[in-house]
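Have a look at data26.pdb below; it lists PDB, C-alpha atoms.
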```pdb
ATOM      1  CA  MET A   1     191.420  13.885  66.362
ATOM      2  CA  ASP A   2     191.316  14.717  62.663
ATOM      3  CA  LEU A   3     188.001  13.314  61.428
ATOM      4  CA  HIS A   4     189.168  13.567  57.808
ATOM      5  CA  ALA A   5     191.921  11.116  58.691
ATOM      6  CA  VAL A   6     189.469   8.865  60.547
ATOM      7  CA  ARG A   7     187.162   8.900  57.521
ATOM      8  CA  ALA A   8     190.075   7.993  55.235
ATOM      9  CA  PHE A   9     191.005   5.018  57.448
ATOM     10  CA  VAL A  10     187.412   3.714  57.465
ATOM     11  CA  ALA A  11     187.144   4.194  53.712
ATOM     12  CA  VAL A  12     190.321   2.139  53.127
ATOM     13  CA  VAL A  13     189.014  -0.669  55.333
ATOM     14  CA  ASP A  14     185.656  -0.666  53.534
ATOM     15  CA  ALA A  15     187.159  -0.522  50.043
ATOM     16  CA  GLY A  16     190.107  -2.825  50.816
ATOM     17  CA  ARG A  17     192.382  -0.593  48.737
ATOM     18  CA  PHE A  18     193.750   2.955  48.953
ATOM     19  CA  GLN A  19     192.719   3.532  45.339
ATOM     20  CA  GLY A  20     189.123   2.530  46.058
ATOM     21  CA  ALA A  21     189.005   4.756  49.143
ATOM     22  CA  ALA A  22     190.288   7.685  47.063
ATOM     23  CA  ALA A  23     187.486   7.172  44.557
ATOM     24  CA  ASP A  24     184.867   6.984  47.344
ATOM     25  CA  LEU A  25     186.151  10.150  48.999
ATOM     26  CA  ALA A  26     186.752  12.010  45.718
ATOM     27  CA  ILE A  27     190.350  12.821  46.649
ATOM     28  CA  THR A  28     193.714  11.544  45.398
ATOM     29  CA  GLN A  29     195.227   8.243  46.503
ATOM     30  CA  GLN A  30     198.208  10.191  47.818
ATOM     31  CA  ALA A  31     195.896  12.296  50.015
ATOM     32  CA  VAL A  32     194.310   9.155  51.462
ATOM     33  CA  SER A  33     197.726   7.700  52.226
ATOM     34  CA  LYS A  34     198.885  10.930  53.941
ATOM     35  CA  ARG A  35     195.761  11.133  56.100
ATOM     36  CA  VAL A  36     196.030   7.536  57.273
ATOM     37  CA  ALA A  37     199.747   7.952  57.970
ATOM     38  CA  ALA A  38     199.056  11.088  60.015
ATOM     39  CA  LEU A  39     196.402   9.240  62.039
ATOM     40  CA  GLU A  40     198.841   6.394  62.725
ATOM     41  CA  ARG A  41     201.447   8.917  63.923
ATOM     42  CA  ASP A  42     198.932  10.553  66.255
ATOM     43  CA  LEU A  43     197.911   7.198  67.737
ATOM     44  CA  ALA A  44     201.460   5.786  67.702
ATOM     45  CA  VAL A  45     200.245   2.494  66.215
ATOM     46  CA  ARG A  46     200.007   0.931  62.763
ATOM     47  CA  LEU A  47     196.369   0.630  61.734
ATOM     48  CA  LEU A  48     196.736  -0.978  58.278
ATOM     49  CA  HIS A  49     198.796  -3.715  56.640
ATOM     50  CA  ARG A  50     199.783  -2.436  53.184
ATOM     51  CA  THR A  51     200.274  -5.176  50.581
ATOM     52  CA  PRO A  52     200.440  -5.261  46.781
ATOM     53  CA  ARG A  53     196.881  -6.596  46.823
ATOM     54  CA  GLY A  54     195.513  -3.809  48.953
ATOM     55  CA  ALA A  55     195.165  -3.005  52.637
ATOM     56  CA  ARG A  56     193.640  -4.670  55.657
ATOM     57  CA  PRO A  57     193.438  -3.593  59.312
ATOM     58  CA  THR A  58     196.059  -4.674  61.812
ATOM     59  CA  ILE A  59     194.974  -5.941  65.225
ATOM     60  CA  ASP A  60     195.124  -2.351  66.475
ATOM     61  CA  GLY A  61     193.182  -1.271  63.407
ATOM     62  CA  GLN A  62     190.465  -3.840  64.136
ATOM     63  CA  VAL A  63     190.206  -2.578  67.713
ATOM     64  CA  PHE A  64     190.051   1.055  66.570
ATOM     65  CA  LEU A  65     187.577   0.500  63.705
ATOM     66  CA  PRO A  66     184.267   0.448  65.677
ATOM     67  CA  TYR A  67     185.309   3.572  67.562
ATOM     68  CA  ALA A  68     186.206   5.256  64.293
ATOM     69  CA  ARG A  69     182.752   4.484  62.921
ATOM     70  CA  ASP A  70     181.198   5.868  66.125
ATOM     71  CA  LEU A  71     183.185   9.081  65.704
ATOM     72  CA  LEU A  72     181.883   9.557  62.166
ATOM     73  CA  ARG A  73     178.303   8.839  63.227
ATOM     74  CA  ALA A  74     178.644  11.326  66.089
ATOM     75  CA  GLU A  75     179.948  13.936  63.645
ATOM     76  CA  GLU A  76     176.916  13.441  61.419
ATOM     77  CA  ARG A  77     174.492  13.648  64.352
ATOM     78  CA  ALA A  78     176.177  16.815  65.593
ATOM     79  CA  ALA A  79     175.905  18.453  62.173
ATOM     80  CA  ALA A  80     172.304  17.307  61.715
ATOM     81  CA  SER A  81     171.340  18.802  65.074
ATOM     82  CA  VAL A  82     171.894  22.307  63.694
ATOM     83  CA  ARG A  83     171.495  21.792  59.955
ATOM     84  CA  PRO A  84     168.250  23.375  58.647
ATOM     85  CA  GLY A  85     166.001  20.644  57.353
ATOM     86  CA  SER A  86     167.673  18.003  59.497
ATOM     87  CA  ARG A  87     167.374  19.304  63.029
ATOM     88  CA  ALA A  88     164.096  19.581  64.902
ATOM     89  CA  LEU A  89     162.064  22.767  64.584
ATOM     90  CA  ARG A  90     162.438  24.551  67.942
ATOM     91  CA  VAL A  91     159.231  26.320  68.979
ATOM     92  CA  ASP A  92     158.325  28.188  72.165
ATOM     93  CA  VAL A  93     154.824  27.960  73.641
ATOM     94  CA  ILE A  94     153.466  29.930  76.581
ATOM     95  CA  GLY A  95     152.348  26.709  78.291
ATOM     96  CA  ARG A  96     152.026  23.050  77.403
ATOM     97  CA  ARG A  97     148.326  22.945  78.366
ATOM     98  CA  LEU A  98     147.412  26.107  76.478
ATOM     99  CA  ALA A  99     146.217  26.748  72.934
ATOM    100  CA  PRO A 100     149.639  27.051  71.224
ATOM    101  CA  ALA A 101     150.548  23.528  72.325
ATOM    102  CA  ASP A 102     147.313  22.254  70.749
ATOM    103  CA  LEU A 103     148.087  24.191  67.574
ATOM    104  CA  LEU A 104     151.480  22.485  67.421
ATOM    105  CA  ARG A 105     149.880  19.079  67.962
ATOM    106  CA  GLY A 106     147.560  19.776  65.036
ATOM    107  CA  PHE A 107     150.523  20.751  62.877
ATOM    108  CA  HIS A 108     152.372  17.570  63.867
ATOM    109  CA  ARG A 109     149.365  15.441  62.922
ATOM    110  CA  ALA A 110     149.320  17.124  59.509
ATOM    111  CA  HIS A 111     153.127  16.912  59.136
ATOM    112  CA  PRO A 112     154.267  13.840  61.100
ATOM    113  CA  ASP A 113     157.650  13.877  59.341
ATOM    114  CA  VAL A 114     158.622  17.211  60.936
ATOM    115  CA  ALA A 115     160.523  16.781  64.193
ATOM    116  CA  LEU A 116     159.521  19.309  66.861
ATOM    117  CA  ASP A 117     161.429  20.516  69.905
ATOM    118  CA  VAL A 118     158.921  22.351  72.133
ATOM    119  CA  VAL A 119     160.185  24.727  74.826
ATOM    120  CA  THR A 120     158.477  27.073  77.285
ATOM    121  CA  LEU A 121     160.129  30.441  77.816
ATOM    122  CA  PHE A 122     159.007  33.043  80.332
ATOM    123  CA  ASP A 123     157.512  35.928  78.372
ATOM    124  CA  ALA A 124     157.337  37.604  74.967
ATOM    125  CA  ASP A 125     160.524  39.636  75.487
ATOM    126  CA  THR A 126     162.489  36.480  76.272
ATOM    127  CA  ALA A 127     160.937  34.672  73.303
ATOM    128  CA  VAL A 128     161.698  37.502  70.850
ATOM    129  CA  ALA A 129     165.315  37.620  72.055
ATOM    130  CA  ALA A 130     165.607  33.840  71.565
ATOM    131  CA  VAL A 131     164.170  34.054  68.044
ATOM    132  CA  ARG A 132     166.521  36.911  67.224
ATOM    133  CA  SER A 133     169.577  34.988  68.461
ATOM    134  CA  GLY A 134     168.554  31.765  66.731
ATOM    135  CA  THR A 135     168.149  29.815  69.975
ATOM    136  CA  ILE A 136     164.613  28.955  68.830
ATOM    137  CA  ASP A 137     162.963  29.077  65.422
ATOM    138  CA  ALA A 138     159.571  30.460  66.407
ATOM    139  CA  ALA A 139     157.385  31.429  69.359
ATOM    140  CA  PHE A 140     153.659  31.671  70.033
ATOM    141  CA  ARG A 141     153.015  34.899  71.908
ATOM    142  CA  ALA A 142     150.732  37.889  72.169
ATOM    143  CA  VAL A 143     152.584  40.793  70.561
ATOM    144  CA  THR A 144     151.900  44.042  72.368
ATOM    145  CA  VAL A 145     153.841  46.418  70.090
ATOM    146  CA  PRO A 146     153.318  47.439  66.450
ATOM    147  CA  ALA A 147     155.260  45.556  63.789
ATOM    148  CA  HIS A 148     157.619  48.494  63.173
ATOM    149  CA  GLN A 149     158.708  48.400  66.822
ATOM    150  CA  LEU A 150     159.833  44.775  66.686
ATOM    151  CA  PRO A 151     163.607  44.196  66.421
ATOM    152  CA  ASP A 152     165.074  44.186  62.914
ATOM    153  CA  GLY A 153     164.302  40.975  61.058
ATOM    154  CA  ILE A 154     161.607  39.809  63.494
ATOM    155  CA  GLU A 155     158.164  39.104  62.037
ATOM    156  CA  ALA A 156     154.898  38.358  63.819
ATOM    157  CA  VAL A 157     151.734  37.063  62.186
ATOM    158  CA  ARG A 158     148.427  36.532  63.982
ATOM    159  CA  VAL A 159     147.526  32.836  63.905
ATOM    160  CA  HIS A 160     144.876  32.219  66.551
ATOM    161  CA  ASP A 161     142.215  34.064  68.567
ATOM    162  CA  GLU A 162     141.363  32.110  71.702
ATOM    163  CA  PRO A 163     137.978  32.887  73.330
ATOM    164  CA  LEU A 164     137.813  33.215  77.103
ATOM    165  CA  HIS A 165     135.735  31.088  79.469
ATOM    166  CA  LEU A 166     134.683  31.893  83.014
ATOM    167  CA  LEU A 167     135.498  29.085  85.442
ATOM    168  CA  THR A 168     133.383  28.915  88.617
ATOM    169  CA  GLY A 169     132.478  26.541  91.385
ATOM    170  CA  PRO A 170     128.903  25.216  91.794
ATOM    171  CA  GLY A 171     128.045  27.802  94.464
ATOM    172  CA  HIS A 172     128.939  30.851  92.374
ATOM    173  CA  PRO A 173     126.051  33.182  91.385
ATOM    174  CA  LEU A 174     126.875  32.681  87.678
ATOM    175  CA  ALA A 175     127.338  28.903  87.875
ATOM    176  CA  ALA A 176     124.030  28.148  86.142
ATOM    177  CA  ALA A 177     124.561  30.562  83.230
ATOM    178  CA  ARG A 178     125.015  29.083  79.758
ATOM    179  CA  GLU A 179     127.068  32.114  78.751
ATOM    180  CA  VAL A 180     127.871  35.525  80.190
ATOM    181  CA  THR A 181     128.724  38.916  78.759
ATOM    182  CA  PRO A 182     131.835  40.772  79.902
ATOM    183  CA  GLU A 183     129.641  43.477  81.442
ATOM    184  CA  ARG A 184     127.894  40.864  83.570
ATOM    185  CA  LEU A 185     131.223  39.963  85.158
ATOM    186  CA  ALA A 186     131.565  43.444  86.646
ATOM    187  CA  GLY A 187     131.301  43.285  90.430
ATOM    188  CA  HIS A 188     132.404  39.623  90.615
ATOM    189  CA  ARG A 189     135.845  38.746  91.963
ATOM    190  CA  ILE A 190     138.057  37.158  89.298
ATOM    191  CA  TRP A 191     141.176  35.610  90.779
ATOM    192  CA  MET A 192     144.215  35.011  88.567
ATOM    193  CA  PRO A 193     147.299  34.574  90.778
ATOM    194  CA  GLY A 194     149.431  33.549  87.774
ATOM    195  CA  LEU A 195     149.513  37.086  86.358
ATOM    196  CA  VAL A 196     153.022  38.539  86.447
ATOM    197  CA  ALA A 197     153.347  42.303  86.075
ATOM    198  CA  GLY A 198     155.075  43.359  82.873
ATOM    199  CA  THR A 199     154.268  40.218  80.882
ATOM    200  CA  GLU A 200     152.159  40.213  77.753
ATOM    201  CA  TRP A 201     149.413  38.149  79.374
ATOM    202  CA  ALA A 202     149.210  40.521  82.375
ATOM    203  CA  MET A 203     148.896  43.441  79.951
ATOM    204  CA  TYR A 204     146.046  41.651  78.161
ATOM    205  CA  TYR A 205     144.038  41.114  81.353
ATOM    206  CA  GLU A 206     144.754  44.636  82.602
ATOM    207  CA  ASP A 207     143.262  46.031  79.393
ATOM    208  CA  LEU A 208     140.314  43.614  79.627
ATOM    209  CA  ALA A 209     139.581  44.741  83.171
ATOM    210  CA  ALA A 210     139.782  48.409  82.188
ATOM    211  CA  ALA A 211     137.527  47.943  79.149
ATOM    212  CA  PHE A 212     134.669  46.278  81.052
ATOM    213  CA  GLY A 213     135.141  47.442  84.644
ATOM    214  CA  LEU A 214     136.215  44.038  85.943
ATOM    215  CA  SER A 215     137.942  43.210  89.211
ATOM    216  CA  ILE A 216     140.821  40.892  88.333
ATOM    217  CA  GLU A 217     142.992  40.079  91.332
ATOM    218  CA  ALA A 218     146.524  38.716  91.005
ATOM    219  CA  THR A 219     147.294  38.801  94.727
ATOM    220  CA  GLY A 220     148.278  35.753  96.739
ATOM    221  CA  PRO A 221     150.862  33.025  96.124
ATOM    222  CA  GLU A 222     150.778  31.069  92.878
ATOM    223  CA  PHE A 223     150.838  27.380  93.844
ATOM    224  CA  GLY A 224     149.829  26.026  90.434
ATOM    225  CA  THR A 225     146.665  24.922  88.690
ATOM    226  CA  GLU A 226     145.326  22.318  91.126
ATOM    227  CA  PRO A 227     145.247  24.545  94.242
ATOM    228  CA  LEU A 228     143.658  27.306  92.158
ATOM    229  CA  LEU A 229     140.904  24.950  90.957
ATOM    230  CA  ASP A 230     140.286  23.659  94.479
ATOM    231  CA  THR A 231     139.875  27.221  95.759
ATOM    232  CA  ILE A 232     137.511  28.162  92.927
ATOM    233  CA  ALA A 233     135.447  24.986  93.466
ATOM    234  CA  GLU A 234     134.927  25.732  97.155
ATOM    235  CA  SER A 235     134.328  29.481  96.857
ATOM    236  CA  PRO A 236     130.864  31.039  96.385
ATOM    237  CA  GLY A 237     132.407  34.307  95.251
ATOM    238  CA  LEU A 238     135.670  33.641  93.398
ATOM    239  CA  ALA A 239     135.953  32.786  89.694
ATOM    240  CA  THR A 240     138.800  32.762  87.193
ATOM    241  CA  LEU A 241     139.246  33.143  83.448
ATOM    242  CA  VAL A 242     140.786  30.494  81.183
ATOM    243  CA  GLY A 243     141.233  30.117  77.456
ATOM    244  CA  ALA A 244     138.692  27.995  75.624
ATOM    245  CA  TRP A 245     141.499  25.687  74.468
ATOM    246  CA  THR A 246     143.197  25.502  77.859
ATOM    247  CA  ARG A 247     143.298  21.915  79.120
ATOM    248  CA  VAL A 248     141.906  21.960  82.633
ATOM    249  CA  VAL A 249     141.198  18.717  84.490
ATOM    250  CA  TRP A 250     139.638  18.662  87.944
ATOM    251  CA  PRO A 251     138.295  15.992  90.322
ATOM    252  CA  ALA A 252     134.650  15.082  89.724
ATOM    253  CA  GLY A 253     133.762  16.307  93.214
ATOM    254  CA  ASP A 254     134.837  19.863  92.388
ATOM    255  CA  ASP A 255     131.919  20.234  89.909
ATOM    256  CA  LEU A 256     133.485  23.259  88.210
ATOM    257  CA  ARG A 257     131.612  25.092  85.443
ATOM    258  CA  ARG A 258     133.113  26.465  82.214
ATOM    259  CA  ILE A 259     130.983  29.315  80.902
ATOM    260  CA  PRO A 260     131.728  31.027  77.545
ATOM    261  CA  VAL A 261     132.103  34.804  77.676
ATOM    262  CA  CYS A 262     130.232  36.354  74.736
ATOM    263  CA  ASP A 263     128.856  39.541  73.146
ATOM    264  CA  PRO A 264     131.570  40.556  72.708
ATOM    265  CA  THR A 265     133.818  37.528  73.133
ATOM    266  CA  PRO A 266     137.198  38.525  74.570
ATOM    267  CA  VAL A 267     139.823  36.649  72.562
ATOM    268  CA  TYR A 268     143.476  36.219  73.421
ATOM    269  CA  PRO A 269     145.577  37.055  70.325
ATOM    270  CA  HIS A 270     148.255  34.421  69.645
ATOM    271  CA  SER A 271     150.892  35.361  67.055
ATOM    272  CA  LEU A 272     153.686  33.318  65.511
ATOM    273  CA  ILE A 273     157.012  35.119  65.919
ATOM    274  CA  GLN A 274     159.932  34.218  63.652
ATOM    275  CA  HIS A 275     163.075  35.670  62.095
ATOM    276  CA  ALA A 276     162.686  36.620  58.453
ATOM    277  CA  ASP A 277     166.071  35.053  57.592
ATOM    278  CA  ASN A 278     165.486  31.704  59.303
ATOM    279  CA  PRO A 279     166.092  29.052  56.605
ATOM    280  CA  HIS A 280     164.471  26.061  58.339
ATOM    281  CA  PRO A 281     162.157  24.583  55.661
ATOM    282  CA  ALA A 282     159.568  23.415  58.210
ATOM    283  CA  LEU A 283     159.034  26.976  59.397
ATOM    284  CA  ARG A 284     157.193  27.916  56.192
ATOM    285  CA  SER A 285     155.030  24.800  56.515
ATOM    286  CA  LEU A 286     154.150  25.727  60.107
ATOM    287  CA  ARG A 287     153.241  29.286  59.173
ATOM    288  CA  ASP A 288     151.123  28.184  56.184
ATOM    289  CA  HIS A 289     149.324  25.587  58.301
ATOM    290  CA  LEU A 290     148.490  28.092  61.032
ATOM    291  CA  THR A 291     147.417  30.955  58.772
ATOM    292  CA  ALA A 292     145.129  28.626  56.782
ATOM    293  CA  ALA A 293     143.469  27.475  60.001
ATOM    294  CA  TYR A 294     143.161  31.083  61.198
ATOM    295  CA  ARG A 295     141.337  32.152  58.034
ATOM    296  CA  GLY A 296     138.687  29.542  58.760
ATOM    297  CA  GLN A 297     138.394  30.386  62.459
ATOM    298  CA  ARG A 298     136.477  33.625  62.430
ATOM    299  CA  GLY A 299     132.777  33.486  63.319
ATOM    300  CA  ASP A 300     129.882  35.925  63.120
ATOM    301  CA  ARG A 301     129.724  36.987  66.770
ATOM    302  CA  PRO A 302     131.556  40.154  67.856
ATOM    303  CA  THR A 303     134.937  39.817  69.574
ATOM    304  CA  TRP A 304     137.133  42.057  71.694
ATOM    305  CA  THR A 305     140.898  42.409  71.831
ATOM    306  CA  PRO A 306     143.077  45.156  73.320
ATOM    307  CA  ALA A 307     143.827  48.110  71.080
ATOM    308  CA  TRP A 308     147.438  46.913  70.606
ATOM    309  CA  ALA A 309     146.162  43.690  69.013
ATOM    310  CA  ARG A 310     143.777  45.232  66.499
TER     311      ARG A 310
END
```
Go through the file and emit its structure as structure tokens.
Amino acid sequence: MDLHAVRAFVAVVDAGRFQGAAADLAITQQAVSKRVAALERDLAVRLLHRTPRGARPTIDGQVFLPYARDLLRAEERAAASVRPGSRALRVDVIGRRLAPADLLRGFHRAHPDVALDVVTLFDADTAVAAVRSGTIDAAFRAVTVPAHQLPDGIEAVRVHDEPLHLLTGPGHPLAAAREVTPERLAGHRIWMPGLVAGTEWAMYYEDLAAAFGLSIEATGPEFGTEPLLDTIAESPGLATLVGAWTRVVWPAGDDLRRIPVCDPTPVYPHSLIQHADNPHPALRSLRDHLTAAYRGQRGDRPTWTPAWAR
């Protein structure tokens, strides 16, 4: 159905005259008349009574009118869904309980007028491809390659360094520690069944293990967070690593302990990935918000990141 013709019909009904509809649509009266006539031919009904005093809808026109208005509203919603500045800002996060999701919540509190569409893609390669194709506007990921090796037009800026915590049960030898150094973790079994070979987060923990002689195990089925926490709570020898901003909730009976890892503090490097040509106006606001927060994040204690993140 020709939406220009539908719009002309609605404009005539609203104005009560073809001349008034022409003025509202900024086209000639003849063009309005042709569009309405074409719509009537397509529908095989007369939609308007034409009189010397103007025009008014026929019975068929009255029946068609609410549907015509719905068509025009649907057209506007469809256009707004992809129009920069009107559609939601589509952002990928590595997980909805992890630091990037909290960063987005902070941005939304500061900019409540910006609509957000939050998605969770698999890994950095998938996220970069989605940014490049325009499927999403931005992604929070660790970037394991230099800037010049990113695809053309793709930019990445570091926006957050997330410290690591050791998570143990009450029977673990380190459960009473207020903080631990990475070297002190050597010889303890760290279980992280969510690590997937080839992903950016697996690469991070592989480099962490190599740097400090840690035993990080990714063996065993990955049944989700709750079974992992139950196993850690009951084990005198297993521990795991989580980000300081990671939201972890466990039953009171588990009595898990979160222990900061310090001197140096291993930090997970979150970057904001975007396409340089993306025109969405909220994207600049998001980047400015995150980089301002990142400038105020750095403390005095030494940190560690893999060589690819320095």
For region 152-168 of chain A: contacts at 8 Å, only C-alpha atoms, fewer than 6 positions along chain excluded, given as a PyMOL selection string: chain A and resi 99+128+131-132+143+174-175+232-233+238-245+256-261+265-277+290-291+293-294+297
Using all atoms listed in the file: which of A:Val93, A:Arg184, A:Thr305, A:Asp14 has the shortest distance to Phe140 (chain A): A:Val93
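Distances here use only C-alpha atoms; by that measure, the residue among A:Leu121, A:Arg7, A:Ala23, A:Trp308 closest to Gln149 (chain A) is A:Trp308.
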Spatial neighbours of Asp230 (chain A), max dist 10 Å, all atoms listed in the file, sep filter under 6 positions, as a ChimeraX atom specification: /A:169,250-251,253-254,256
Using the chain letters and residue numbers of this document, give as a PDB file with C-alpha atoms, keeping the file's coordinate frame the residues selected by the PyMOL selection byres ((chain A and resi 107) around 10).
```pdb
ATOM      1  CA  ALA A 101     150.548  23.528  72.325  1.00  0.00           C
ATOM      2  CA  ASP A 102     147.313  22.254  70.749  1.00  0.00           C
ATOM      3  CA  LEU A 103     148.087  24.191  67.574  1.00  0.00           C
ATOM      4  CA  LEU A 104     151.480  22.485  67.421  1.00  0.00           C
ATOM      5  CA  ARG A 105     149.880  19.079  67.962  1.00  0.00           C
ATOM      6  CA  GLY A 106     147.560  19.776  65.036  1.00  0.00           C
ATOM      7  CA  HIS A 108     152.372  17.570  63.867  1.00  0.00           C
ATOM      8  CA  ARG A 109     149.365  15.441  62.922  1.00  0.00           C
ATOM      9  CA  ALA A 110     149.320  17.124  59.509  1.00  0.00           C
ATOM     10  CA  HIS A 111     153.127  16.912  59.136  1.00  0.00           C
ATOM     11  CA  PRO A 112     154.267  13.840  61.100  1.00  0.00           C
ATOM     12  CA  VAL A 114     158.622  17.211  60.936  1.00  0.00           C
ATOM     13  CA  LEU A 116     159.521  19.309  66.861  1.00  0.00           C
ATOM     14  CA  SER A 285     155.030  24.800  56.515  1.00  0.00           C
ATOM     15  CA  LEU A 286     154.150  25.727  60.107  1.00  0.00           C
ATOM     16  CA  ARG A 287     153.241  29.286  59.173  1.00  0.00           C
ATOM     17  CA  HIS A 289     149.324  25.587  58.301  1.00  0.00           C
ATOM     18  CA  LEU A 290     148.490  28.092  61.032  1.00  0.00           C
TER      19      LEU A 290
END
```
